[in-house]
Each structure stands twice: as C-alpha cells, then as structure tokens.
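Participant: Got a structure for you, my_file-v7.txt, holding compact mmCIF, C-alpha atoms.
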# COMPACT_ATOMS: atom_id res chain seq x y z
CA MET B 1 0.00 0.00 0.00
CA SER B 2 1.46 3.34 -0.95
CA THR B 3 1.96 6.10 1.55
CA VAL B 4 0.55 9.54 0.84
CA VAL B 5 1.74 11.48 3.86
CA GLU B 6 4.73 10.76 6.09
CA PHE B 7 5.01 12.75 9.29
CA ASN B 8 8.34 11.98 10.94
CA LYS B 9 9.02 13.40 14.40
CA ILE B 10 7.52 16.73 13.52
CA THR B 11 7.41 19.60 15.96
CA LYS B 12 5.96 23.05 15.38
CA SER B 13 6.64 25.79 17.90
CA TYR B 14 5.56 29.40 18.08
CA GLY B 15 7.98 31.07 20.50
CA ASN B 16 7.69 28.97 23.61
CA VAL B 17 4.32 27.49 22.64
CA THR B 18 4.57 24.02 21.13
CA ALA B 19 1.52 23.46 18.91
CA VAL B 20 2.66 20.10 17.55
CA ASN B 21 5.00 18.04 19.67
CA ASP B 22 7.16 15.32 18.11
CA ILE B 23 4.42 13.64 16.08
CA SER B 24 4.96 10.73 13.69
CA PHE B 25 2.33 8.99 11.58
CA SER B 26 1.65 8.11 7.99
CA LEU B 27 -1.44 8.21 5.80
CA ASP B 28 -2.01 5.38 3.34
CA ALA B 29 -3.50 5.90 -0.08
CA ASN B 30 -7.26 5.57 -0.50
CA LYS B 31 -8.34 5.50 3.12
CA ILE B 32 -10.71 7.83 4.95
CA TYR B 33 -9.06 9.25 8.05
CA GLY B 34 -10.58 11.05 10.99
CA LEU B 35 -8.32 13.71 12.51
CA LEU B 36 -9.94 14.29 15.88
CA GLY B 37 -9.22 16.25 19.03
CA ARG B 38 -10.31 19.24 21.03
CA ASN B 39 -10.02 22.88 19.96
CA GLY B 40 -6.40 23.97 19.98
CA ALA B 41 -5.11 20.40 20.05
CA GLY B 42 -2.97 21.02 16.95
CA LYS B 43 -5.15 19.54 14.19
CA THR B 44 -5.22 22.61 11.97
CA THR B 45 -1.46 23.14 12.39
CA ILE B 46 -0.93 19.58 11.16
CA MET B 47 -3.16 20.17 8.13
CA HIS B 48 -1.40 23.43 7.35
CA MET B 49 1.96 21.64 7.34
CA ILE B 50 0.69 18.84 5.08
CA THR B 51 -0.59 21.45 2.65
CA ALA B 52 2.67 23.43 2.76
CA GLN B 53 1.18 26.53 4.35
CA LEU B 54 3.39 26.24 7.42
CA PHE B 55 6.96 25.08 7.96
CA ALA B 56 7.73 22.53 10.64
CA THR B 57 10.19 23.68 13.31
CA SER B 58 11.84 20.27 13.20
CA GLY B 59 11.22 16.83 11.75
CA LYS B 60 10.71 15.44 8.27
CA LEU B 61 7.56 15.73 6.18
CA LYS B 62 6.87 14.01 2.88
CA VAL B 63 3.70 14.24 0.85
CA PHE B 64 3.38 11.92 -2.15
CA GLY B 65 7.00 11.01 -1.46
CA GLU B 66 8.31 14.56 -1.86
CA HIS B 67 8.78 17.79 0.03
CA PRO B 68 5.53 19.70 -0.37
CA TYR B 69 6.89 23.26 -0.20
CA GLU B 70 6.46 25.14 -3.47
CA ASN B 71 6.25 21.76 -5.16
CA ASN B 72 3.64 21.78 -7.90
CA ARG B 73 3.72 18.02 -8.41
CA VAL B 74 2.54 17.63 -4.83
CA LEU B 75 0.26 20.61 -4.41
CA THR B 76 -1.83 19.94 -7.52
CA GLN B 77 -2.83 16.62 -5.97
CA ILE B 78 -4.18 18.20 -2.79
CA CYS B 79 -7.53 19.83 -2.14
CA PHE B 80 -7.80 21.54 1.25
CA ILE B 81 -11.23 22.79 2.36
CA LYS B 82 -10.85 25.14 5.27
CA GLU B 83 -13.32 26.05 7.95
CA SER B 84 -13.65 29.63 6.74
CA GLN B 85 -12.30 29.88 3.22
CA LYS B 86 -11.98 33.43 1.86
CA TYR B 87 -12.91 34.16 -1.74
CA PRO B 88 -12.38 37.28 -3.85
CA ASP B 89 -15.25 39.73 -3.27
CA THR B 90 -16.48 39.79 -6.84
CA PHE B 91 -16.65 36.02 -7.27
CA ARG B 92 -19.90 34.23 -7.92
CA ILE B 93 -20.34 30.49 -7.25
CA ILE B 94 -19.97 29.78 -10.97
CA ASP B 95 -16.59 31.61 -10.95
CA VAL B 96 -15.34 29.48 -8.08
CA LEU B 97 -16.31 26.36 -10.01
CA GLU B 98 -14.43 27.56 -13.09
CA VAL B 99 -11.27 28.31 -11.13
CA SER B 100 -11.53 24.92 -9.42
CA ALA B 101 -11.93 23.17 -12.77
CA SER B 102 -8.63 24.68 -13.89
CA LEU B 103 -6.83 23.82 -10.63
CA PHE B 104 -7.78 20.18 -10.16
CA SER B 105 -6.93 17.69 -12.86
CA ASN B 106 -9.55 15.16 -11.69
CA TRP B 107 -12.31 17.79 -11.52
CA ASP B 108 -15.68 16.35 -12.52
CA ARG B 109 -17.92 19.08 -13.92
CA ASP B 110 -21.11 17.02 -14.02
CA PHE B 111 -20.61 15.87 -10.45
CA ALA B 112 -20.02 19.48 -9.36
CA PHE B 113 -23.27 20.65 -10.94
CA SER B 114 -25.27 17.78 -9.50
CA LEU B 115 -23.91 18.71 -6.05
CA ILE B 116 -24.77 22.38 -6.60
CA ASN B 117 -28.28 21.17 -7.32
CA ASP B 118 -28.36 18.88 -4.26
CA PHE B 119 -27.34 21.72 -1.95
CA ASN B 120 -29.68 24.23 -3.67
CA LEU B 121 -26.88 26.69 -4.36
CA PRO B 122 -27.57 29.77 -6.55
CA LEU B 123 -24.87 29.67 -9.25
CA LYS B 124 -24.96 33.35 -10.13
CA ARG B 125 -24.95 34.74 -6.61
CA ARG B 126 -21.83 36.41 -5.25
CA LEU B 127 -20.09 34.60 -2.44
CA LYS B 128 -20.18 37.56 -0.11
CA LYS B 129 -23.99 37.47 -0.32
CA LEU B 130 -24.19 33.82 0.75
CA SER B 131 -25.24 32.62 4.18
CA ARG B 132 -22.63 30.90 6.35
CA GLY B 133 -24.19 27.50 5.62
CA MET B 134 -24.25 28.08 1.86
CA LEU B 135 -20.60 29.14 1.94
CA SER B 136 -19.75 25.89 3.72
CA ALA B 137 -21.74 23.98 1.09
CA VAL B 138 -19.65 25.60 -1.66
CA GLY B 139 -16.51 24.28 0.06
CA ILE B 140 -18.00 20.80 0.24
CA VAL B 141 -18.92 20.86 -3.46
CA ILE B 142 -15.35 21.81 -4.37
CA GLY B 143 -13.84 19.24 -2.03
CA LEU B 144 -15.93 16.42 -3.44
CA ALA B 145 -15.86 17.37 -7.13
CA SER B 146 -12.08 17.96 -7.07
CA ARG B 147 -11.57 14.21 -6.55
CA ALA B 148 -8.07 15.21 -5.45
CA PRO B 149 -5.88 12.23 -4.49
CA LEU B 150 -5.53 13.87 -1.08
CA THR B 151 -8.68 15.72 0.01
CA ILE B 152 -8.69 17.39 3.41
CA PHE B 153 -11.81 18.79 5.08
CA ASP B 154 -11.14 20.96 8.12
CA GLU B 155 -14.47 21.41 9.96
CA PRO B 156 -16.18 21.98 6.62
CA TYR B 157 -19.69 22.53 7.92
CA LEU B 158 -19.92 25.70 9.94
CA GLY B 159 -23.58 26.80 9.79
CA LEU B 160 -24.60 23.77 7.77
CA ASP B 161 -27.87 22.17 8.87
CA ALA B 162 -28.27 18.49 9.71
CA VAL B 163 -29.94 17.69 6.37
CA SER B 164 -27.04 19.17 4.41
CA ARG B 165 -24.45 17.44 6.58
CA SER B 166 -26.18 14.14 6.00
CA LEU B 167 -26.16 14.88 2.28
CA PHE B 168 -22.41 15.52 2.47
CA TYR B 169 -21.75 12.15 4.16
CA ASN B 170 -23.97 10.41 1.60
CA ARG B 171 -22.28 11.92 -1.42
CA LEU B 172 -18.83 11.39 0.08
CA ILE B 173 -19.31 7.66 0.65
CA GLU B 174 -21.01 7.17 -2.74
CA ASP B 175 -18.30 8.95 -4.66
CA TYR B 176 -15.46 7.48 -2.61
CA SER B 177 -16.77 3.97 -3.36
CA GLU B 178 -16.49 4.69 -7.08
CA HIS B 179 -13.36 6.85 -6.91
CA PRO B 180 -11.22 5.87 -3.93
CA ARG B 181 -8.83 8.56 -2.70
CA THR B 182 -7.26 9.64 0.56
CA VAL B 183 -9.66 11.74 2.60
CA VAL B 184 -8.92 13.47 5.90
CA LEU B 185 -11.92 14.66 7.91
CA SER B 186 -11.18 16.92 10.82
CA THR B 187 -14.29 17.33 12.92
CA HIS B 188 -15.85 17.61 16.35
CA LEU B 189 -18.98 15.78 15.20
CA ILE B 190 -17.46 12.38 15.83
CA ASP B 191 -20.76 10.52 16.21
CA GLU B 192 -21.84 11.75 12.79
CA VAL B 193 -18.77 10.64 10.88
CA SER B 194 -17.38 7.72 12.84
CA GLN B 195 -19.00 5.11 10.57
CA LEU B 196 -17.32 6.60 7.53
CA LEU B 197 -13.82 6.45 8.96
CA GLU B 198 -11.38 3.66 8.33
CA HIS B 199 -8.66 5.01 10.58
CA VAL B 200 -8.60 7.47 13.46
CA LEU B 201 -5.90 9.89 14.62
CA VAL B 202 -6.58 11.65 17.90
CA ILE B 203 -4.47 14.69 18.74
CA ASP B 204 -4.37 15.94 22.30
CA ASN B 205 -2.29 18.87 23.45
CA GLY B 206 0.01 18.72 20.43
CA ARG B 207 0.66 15.01 20.79
CA LEU B 208 -0.64 11.99 18.93
CA LEU B 209 -2.79 10.12 21.44
CA ILE B 210 -4.40 7.46 19.24
CA ASN B 211 -3.41 6.12 15.83
CA GLU B 212 -5.70 3.14 15.27
CA ASP B 213 -8.20 1.52 12.91
CA ALA B 214 -11.68 2.79 13.73
CA GLU B 215 -12.98 -0.76 13.99
CA ALA B 216 -10.35 -1.66 16.56
CA LEU B 217 -11.55 1.19 18.76
CA ARG B 218 -15.19 0.14 18.73
CA GLY B 219 -16.06 -1.97 21.73
CA GLN B 220 -12.60 -1.27 23.19
CA ALA B 221 -13.93 0.42 26.30
CA ILE B 222 -16.85 -0.16 28.65
CA THR B 223 -18.46 1.85 31.39
CA ILE B 224 -19.32 0.20 34.69
CA VAL B 225 -21.82 1.81 37.06
CA GLY B 226 -22.65 0.78 40.61
CA PRO B 227 -21.90 1.27 44.30
CA SER B 228 -18.40 2.67 44.57
CA SER B 229 -16.84 -0.09 46.68
CA LYS B 230 -18.07 -2.77 44.28
CA VAL B 231 -17.00 -0.82 41.22
CA GLU B 232 -13.53 -0.17 42.68
CA ASP B 233 -13.28 -3.87 43.46
CA PHE B 234 -14.24 -4.83 39.93
CA ILE B 235 -11.95 -2.38 38.13
CA SER B 236 -8.81 -2.96 40.19
CA GLY B 237 -6.00 -4.03 37.90
CA ARG B 238 -7.77 -2.66 34.81
CA ASN B 239 -6.78 0.32 32.69
CA VAL B 240 -9.17 2.96 34.03
CA ILE B 241 -9.54 6.01 31.76
CA SER B 242 -12.23 7.87 33.65
CA ARG B 243 -13.96 7.74 36.99
CA GLU B 244 -16.99 9.86 37.87
CA PRO B 245 -18.52 9.71 41.34
CA PHE B 246 -22.25 10.31 41.64
CA GLY B 247 -23.47 10.24 45.23
CA SER B 248 -22.68 6.78 46.54
CA LEU B 249 -22.31 5.51 42.97
CA VAL B 250 -19.34 5.52 40.65
CA SER B 251 -19.28 5.42 36.87
CA ALA B 252 -15.92 4.12 35.68
CA THR B 253 -14.74 3.62 32.11
CA VAL B 254 -12.07 1.01 31.48
CA MET B 255 -10.17 -0.06 28.38
CA GLY B 256 -10.42 -3.63 27.17
CA ASN B 257 -13.33 -5.94 26.61
CA LEU B 258 -14.97 -8.14 29.22
CA GLU B 259 -15.03 -11.89 28.96
CA GLN B 260 -18.25 -13.75 29.62
CA LYS B 261 -17.16 -14.67 33.16
CA ASP B 262 -16.38 -11.03 33.92
CA ARG B 263 -19.84 -10.07 32.74
CA LEU B 264 -21.45 -12.66 34.98
CA HIS B 265 -19.29 -11.50 37.85
CA ALA B 266 -20.37 -7.88 37.30
CA GLU B 267 -23.98 -8.96 37.09
CA MET B 268 -23.72 -10.82 40.39
CA LEU B 269 -22.24 -7.75 42.02
CA GLY B 270 -25.23 -5.79 40.72
CA LEU B 271 -23.13 -3.58 38.45
CA GLU B 272 -24.41 -2.14 35.20
CA ILE B 273 -22.29 -2.37 32.09
CA ALA B 274 -22.67 -0.08 29.10
CA PRO B 275 -20.75 0.00 25.83
CA VAL B 276 -18.76 3.12 24.96
CA SER B 277 -19.07 4.76 21.54
CA LEU B 278 -16.09 6.14 19.66
CA GLN B 279 -17.14 9.69 20.55
CA GLN B 280 -17.50 8.88 24.23
CA LEU B 281 -14.15 7.10 24.22
CA ILE B 282 -12.41 10.12 22.74
CA ILE B 283 -14.09 12.48 25.20
CA HIS B 284 -12.87 10.31 28.07
CA LEU B 285 -9.34 10.23 26.68
CA THR B 286 -9.03 13.93 25.93
CA ASN B 287 -10.92 15.62 28.74
CA GLY B 288 -7.72 16.37 30.62
CA LYS B 289 -8.95 14.86 33.87
CA SER B 290 -7.39 11.47 33.61
CA ALA B 291 -3.69 11.37 34.32
CA ARG B 292 -2.77 8.70 31.86
CA LYS B 293 0.33 9.03 29.76
CA GLU B 294 -0.61 6.70 26.97
CA VAL B 295 -3.39 4.43 25.96
CA THR B 296 -2.75 0.77 25.53
CA MET B 297 -4.78 -1.23 23.07
CA HIS B 298 -4.55 -4.89 22.46
CA MET T 1 -26.55 9.13 11.92
CA GLY T 2 -27.11 5.53 10.97
CA LEU T 3 -30.12 4.09 12.74
CA LEU T 4 -29.22 0.73 11.30
CA ILE T 5 -25.71 0.46 12.70
CA ASP T 6 -24.54 1.17 16.21
CA ASP T 7 -21.19 2.56 17.13
CA ASN T 8 -20.56 0.47 20.23
CA ARG T 9 -19.15 -2.63 18.62
CA PRO T 10 -17.25 -3.40 15.42
CA ILE T 11 -19.35 -2.56 12.36
CA PHE T 12 -17.97 -5.41 10.26
CA MET T 13 -19.52 -7.86 12.74
CA GLN T 14 -22.87 -6.10 12.45
CA ILE T 15 -22.69 -6.33 8.64
CA ALA T 16 -21.86 -10.04 8.83
CA GLU T 17 -24.81 -10.60 11.21
CA ARG T 18 -27.19 -8.78 8.89
CA ILE T 19 -26.16 -10.95 5.94
CA GLU T 20 -26.51 -14.04 8.14
CA ASN T 21 -30.03 -12.96 9.15
CA ASP T 22 -30.97 -12.44 5.53
CA ILE T 23 -29.79 -15.94 4.68
CA ILE T 24 -31.63 -17.50 7.64
CA GLU T 25 -34.83 -15.62 6.82
CA GLU T 26 -34.38 -16.57 3.17
CA GLY T 27 -34.25 -12.99 1.97
CA LEU T 28 -30.98 -14.11 0.42
CA LEU T 29 -31.22 -17.57 -1.15
CA GLU T 30 -28.37 -20.01 -1.60
CA GLU T 31 -26.52 -19.48 -4.88
CA SER T 32 -27.96 -15.97 -5.17
CA GLN T 33 -25.77 -12.88 -5.45
CA VAL T 34 -25.01 -10.74 -2.40
CA PRO T 35 -24.89 -6.92 -2.82
CA SER T 36 -21.41 -5.56 -3.55
CA THR T 37 -19.18 -4.05 -0.90
CA ASN T 38 -19.86 -0.60 -2.33
CA GLN T 39 -23.61 -1.16 -2.24
CA PHE T 40 -23.37 -2.12 1.42
CA ALA T 41 -21.22 0.96 2.10
CA VAL T 42 -23.65 3.37 0.46
CA PHE T 43 -26.74 1.75 1.97
CA TYR T 44 -25.45 1.64 5.54
CA GLN T 45 -23.31 4.80 5.17
CA ILE T 46 -20.18 3.02 6.27
CA ASN T 47 -16.63 2.82 5.02
CA PRO T 48 -16.33 0.34 2.10
CA ALA T 49 -13.27 -1.28 3.74
CA THR T 50 -15.41 -2.06 6.78
CA ALA T 51 -18.15 -3.55 4.61
CA ALA T 52 -15.54 -5.68 2.84
CA LYS T 53 -14.26 -6.96 6.17
CA GLY T 54 -17.77 -8.09 7.14
CA VAL T 55 -18.26 -9.88 3.83
CA ASN T 56 -14.84 -11.53 4.06
CA LEU T 57 -15.63 -12.85 7.52
CA LEU T 58 -18.44 -14.87 5.93
CA VAL T 59 -16.21 -15.95 3.03
CA ASP T 60 -13.73 -17.36 5.58
CA GLN T 61 -16.55 -19.34 7.18
CA GLY T 62 -17.69 -20.77 3.84
CA ILE T 63 -21.03 -18.93 4.01
CA LEU T 64 -20.27 -16.80 0.96
CA TYR T 65 -18.00 -17.44 -1.98
CA LYS T 66 -16.52 -15.29 -4.67
CA LYS T 67 -17.12 -15.72 -8.39
CA ARG T 68 -14.24 -14.01 -10.09
CA GLY T 69 -15.25 -10.86 -11.86
CA ILE T 70 -18.92 -11.27 -10.96
CA GLY T 71 -19.26 -10.89 -7.20
CA MET T 72 -20.17 -12.64 -3.98
CA PHE T 73 -22.70 -15.47 -3.75
CA VAL T 74 -24.35 -17.44 -0.96
CA ALA T 75 -22.81 -20.91 -0.74
CA ALA T 76 -24.93 -24.05 -1.01
CA GLY T 77 -25.59 -25.36 2.49
CA ALA T 78 -24.95 -21.94 4.06
CA ARG T 79 -28.38 -21.75 5.69
CA ALA T 80 -27.99 -25.11 7.45
CA ILE T 81 -24.59 -24.07 8.84
CA LEU T 82 -26.00 -20.80 10.14
CA MET T 83 -29.07 -22.43 11.67
CA GLU T 84 -26.80 -24.80 13.64
CA LYS T 85 -24.65 -21.92 14.82
CA ARG T 86 -27.70 -19.90 15.86
CA LYS T 87 -29.16 -22.81 17.80
CA GLU T 88 -26.02 -22.97 19.91
CA GLN T 89 -26.17 -19.22 20.44
CA PHE T 90 -29.84 -19.56 21.35
CA TYR T 91 -28.93 -21.87 24.21
CA GLU T 92 -26.25 -19.51 25.51
CA GLN T 93 -28.20 -16.32 25.01
CA TYR T 94 -31.71 -17.30 26.05
CA VAL T 95 -31.77 -20.57 27.93
CA VAL T 96 -28.79 -19.96 30.22
CA THR T 97 -29.88 -16.37 30.91
CA MET T 98 -33.46 -17.48 31.53
CA MET T 99 -32.41 -20.19 33.99
CA ARG T 100 -30.27 -17.73 35.92
CA GLU T 101 -33.12 -15.22 36.20
CA ALA T 102 -35.61 -17.99 37.10
CA ASP T 103 -33.28 -19.15 39.85
CA LYS T 104 -33.04 -15.59 41.20
CA LEU T 105 -36.84 -15.32 41.33
CA GLY T 106 -37.34 -18.77 42.83
CA ILE T 107 -39.23 -20.15 39.82
CA THR T 108 -39.25 -23.96 39.87
CA SER T 109 -38.59 -26.00 36.73
CA GLU T 110 -42.27 -27.09 36.70
CA GLN T 111 -43.43 -23.50 36.75
CA LEU T 112 -40.91 -22.68 34.05
CA THR T 113 -42.12 -25.53 31.84
CA ASP T 114 -45.70 -24.29 32.28
CA MET T 115 -44.64 -20.80 31.28
CA ILE T 116 -42.95 -22.09 28.14
CA ARG T 117 -46.07 -24.04 27.18
CA ARG T 118 -48.21 -20.97 27.78
CA GLY T 119 -45.79 -18.86 25.71
CA ALA T 120 -45.93 -21.37 22.85
CA LYS T 121 -49.73 -20.93 22.58
CA GLU T 122 -49.54 -17.18 22.11
Turn the structure described in the file into structure tokens.
Facilitator:
Amino acid sequence: MSTVVEFNKITKSYGNVTAVNDISFSLDANKIYGLLGRNGAGKTTIMHMITAQLFATSGKLKVFGEHPYENNRVLTQICFIKESQKYPDTFRIIDVLEVSASLFSNWDRDFAFSLINDFNLPLKRRLKKLSRGMLSAVGIVIGLASRAPLTIFDEPYLGLDAVSRSLFYNRLIEDYSEHPRTVVLSTHLIDEVSQLLEHVLVIDNGRLLINEDAEALRGQAITIVGPSSKVEDFISGRNVISREPFGSLVSATVMGNLEQKDRLHAEMLGLEIAPVSLQQLIIHLTNGKSARKEVTMH
Amino acid sequence: MGLLIDDNRPIFMQIAERIENDIIEEGLLEESQVPSTNQFAVFYQINPATAAKGVNLLVDQGILYKKRGIGMFVAAGARAILMEKRKEQFYEQYVVTMMREADKLGITSEQLTDMIRRGAKE
C-alpha cells in the first residue's frame, strides 16, 4: 500500500508554545481518516503543514514522497477545504467552479453541478452574499468534485444544517466507493462521521494520542456503574480512563473488553455495564482529567 | 446518523450478522448474489473497507463465496450451517440467561415448563 503522507518526528513551535509536539504517523493511499481532538489540540497546524502553508520547526515531512513546499507536483494533488475559506469579493459560485476546474486535474464538472443542485446553491450569486451555511456547502462541493488524491476537510460545515451534513456524508461515501482517494476529515462531530472512517488519529495537546483503525476502537472500552466499593473492586488491575462519582455511585470507564465470566461477575455484584461509543471514548481520553500518559490497546 | 448500525461494537460484525439474518430468513437464497461491498457501504453509510471486512468474515466461514469478476454469492448449504450456529447461540443467550433469572426469582422448573407451554400458545 502506498503512503501519501509521512510525518516523521515533527514539531511546530511558536515562540515557547509548542503546537505540535514530536508527532509521527503516515497516511495510506485511499483510506478515509478522521483527525480528531479538542479545539487547539494542533489539528489545523498539522493540516497546514501537510498542505505546505506552514513550515515545521523540526522533523521530516513528505507528501506523495516529496517535500511539499512550493512543489507543484505535490500541491496539484491536494484539495484543502478550510473552515472559513476566503474568496475574492467579486466572485460568484460559478466563478469558483471555473477556477476549481482549472486547478484540479480530476475535476468532474457534471458531479459538481449535481452537487450544486443537491445543496440548492444559486450559481450566479456572489459569495459575499451567501449565508454561512451556503458558503460551507460551496466548500463541500469543491472538495468532493475535485476528486483530489488527497482531500482534506477541516471542519467543513460551519452553519450547515443536519440535512445538508447528512447529504455531504452520503455523497462522500457514494463517490469514494467509485473513486477511492485519501480523505482526511477533521471534525468535532465524531458521532456523525465515525462510521465513515477507516482510521482514526486523535491529537491531544500537540501530541498523537491514538493512531488506530476505527474498527479496533469500537467496543474497546466499557463503562461500569454501581456502588463505589463494588465498582472499585471490579476495576482494580484494569486500565481505568475515567472515573466519575455520583453520590454513593461511581461510573468508571475502562479499556479492554470483558469476557463472559467477567460479565457474569459484574452482574452478580449488581453492576451495570454499558458500551462506549467512539465519541465517548475520545471524550474520556481527551478531557484532561485522567492522568494517563498513553493508551494501551490490544 | 445511521439508525441501522450502532457505534458500540465493530461494524464489520454487524454487517456479517445482517447478511446471516438475511440468509436465515431466506431474503438471500443459496446461490444468489449478495450486494457488492460498495452497495453495502452506500446503503449503511459506512466505510467500504469495513463492509468488505464483514463480507470476508463470511467468506472465511464458507457462508459466501466469490465468483471471479462477478461478485459474492451465498454458498450451497450456508443456511444449514447458520441455523446450527444460531441454535447454539440460542442456548447460551436465552436458555442460560433465563435459567439464571428464574433461579433468582425462585421459579421452579415445573413453573418454568408451564410458562414455556403458555408462551408457545400465544
């Protein structure tokens, strides 16, 4: 499998603030990645480095096997949709489509127009007259119709309603099935996108906390609720990632799956067991309360 | 999103279970073609690689087989294999759990047998 992005011990500092701290990972061709983490975790800095809009302070970065900076061979293969893209004041939607058609070699004109139709976008209207949601929809149309070998969406749906977001996910999975490419989705709406992701990168405080197949993370943690002494008894020796007291009860989340005998044991103790979704797992791991250094998977 | 799929356990297992159910309920007949990985992905709004993993799980178990260049098909005898497997699961999932609960509530085996008979009539 070919590698599209190689991040090798990359650090990015601004004065004495370290935005990205010694991160290494690689992105394989034709997978959909989720780049997840809290605000200010370093996600956007990472995307800006991949797209050659920022220099790393140290470390090695390769995109499509080359240095991305001022490298046309690399940059023409990337489409980066930013949270709040600026357009020239006089541009209408149709003008943005024309410029995009000339920038992206895989641009599909018919697909672009069908998306414009899906999102009800007025072709002749100037971008500065569009609502926030419509502006986001324009970004999504470009990102999808570019069919760029590396397409990056950084929180692409500011102001976009639930119907339009659902439409985005639909069109993305349909088109990706026919035209596989590497897609990076950076988002806070983890529950909405988690099913689409093949691989998950979680950034926390400038560090890479999780680099794992999405499927391997599902069912990897469970929450146990019950009287605190019984819960403490049950979770001793386990990898506890969060512990919330509630009166005389405790709700504890632990990594690792339970075997049948553990389940029976918990049941006999009168404890309740609940599965943990990907979003809940990431909230537990990045909420800053737990003092863990690293997460161990098996 | 995705009322059909839950996010608490691996999706490929859920896909495999859904195909198994279809075969057991004869929505998918033996020797008939199974939807493609991409069709599963679009329908359930999941990653195609995940859908493929679910399908391949059933290929490994001999439930589905691949016809080169055409697609995936339900193997002859697949339904019988699945029915056997489900009967074993039935014992674990329902009978063992039921006995444990009955024991907790002090229900005797006679009372339990009566209940099952009554349930069968409804």
Participant: Excluding same-chain residues fewer than 2 positions from B:Lys82, what lies within 6 Å of it counting only C-alpha atoms, as a ChimeraX atom specification?
Facilitator: /B:84-85,154
Participant: Could you please tell me, as a PyMOL selection string, which residues of chain T have an atom within 12 Å of chain B when using only C-alpha atoms?
Facilitator: chain T and resi 1-14+36-54+92-93+96-97+100-101+104
Participant: List the spatial neighbours of T:Gln61 as JSON, numbers by chain - criterion: any atom at most 12 Å away, all atoms listed in the file, same-chain residues fewer than 6 positions off excluded.
Facilitator: {"T": [16, 20, 54, 55, 74, 75, 77, 78, 81, 82, 85]}
Participant: Quote the spacing between atom CA of B:Leu135 and atom CA of B:Leu35 in Å to one decimal place.
Facilitator: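 Atom CA of B:Leu135 sits 22.4 Å away from atom CA of B:Leu35.
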Participant: Report, in Å with one decimal, the straight-line distance from atom CA of T:Arg79 to atom CA of T:Met99.
Facilitator: 28.6 Å
Participant: May I ask for the distance between atom CA of B:Leu189 and atom CA of B:Lys9, given in Å to one decimal place?
Facilitator: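 According to the coordinates, atom CA of B:Leu189 and atom CA of B:Lys9 are separated by 28.1 Å.
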Participant: Could you give me, as a PyMOL selection string, the residues within 10 Å of T:Leu64, counting only C-alpha atoms and dropping anything in the same chain fewer than 5 positions from it?
Facilitator: chain T and resi 19-20+30-34+55-59+72-76+78
Participant: Within 8 Å of B:Ile142, counting all atoms listed in the file, which residues qualify if same-chain residues fewer than 6 places away don't, as a PyMOL selection string?
Facilitator: chain B and resi 81+97+100+112
Participant: Fewer than 6 positions away in the same chain doesn't count, so skip those; otherwise give me all residues within 6 Å of stretch 238-243 of chain B, counting all atoms listed in the file, as a list in words.
Facilitator: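 Residues meeting the cut-off are Ser251, Ala252, Thr253, Val254 and Met255 of chain B.
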Participant: For a quick check of understanding, using all atoms listed in the file, which of B:Ile78, B:Ala52, B:Ile94, B:Met268 has the smallest distance to B:Arg125?
Facilitator: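 Answer, going by the shortest atom-to-atom distance: B:Ile94.
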Participant: Using all atoms listed in the file, which of the listed residues (B:Lys128, B:Arg147, B:Arg38, B:Lys60) sits closest to B:Gln77?
Facilitator: B:Arg147
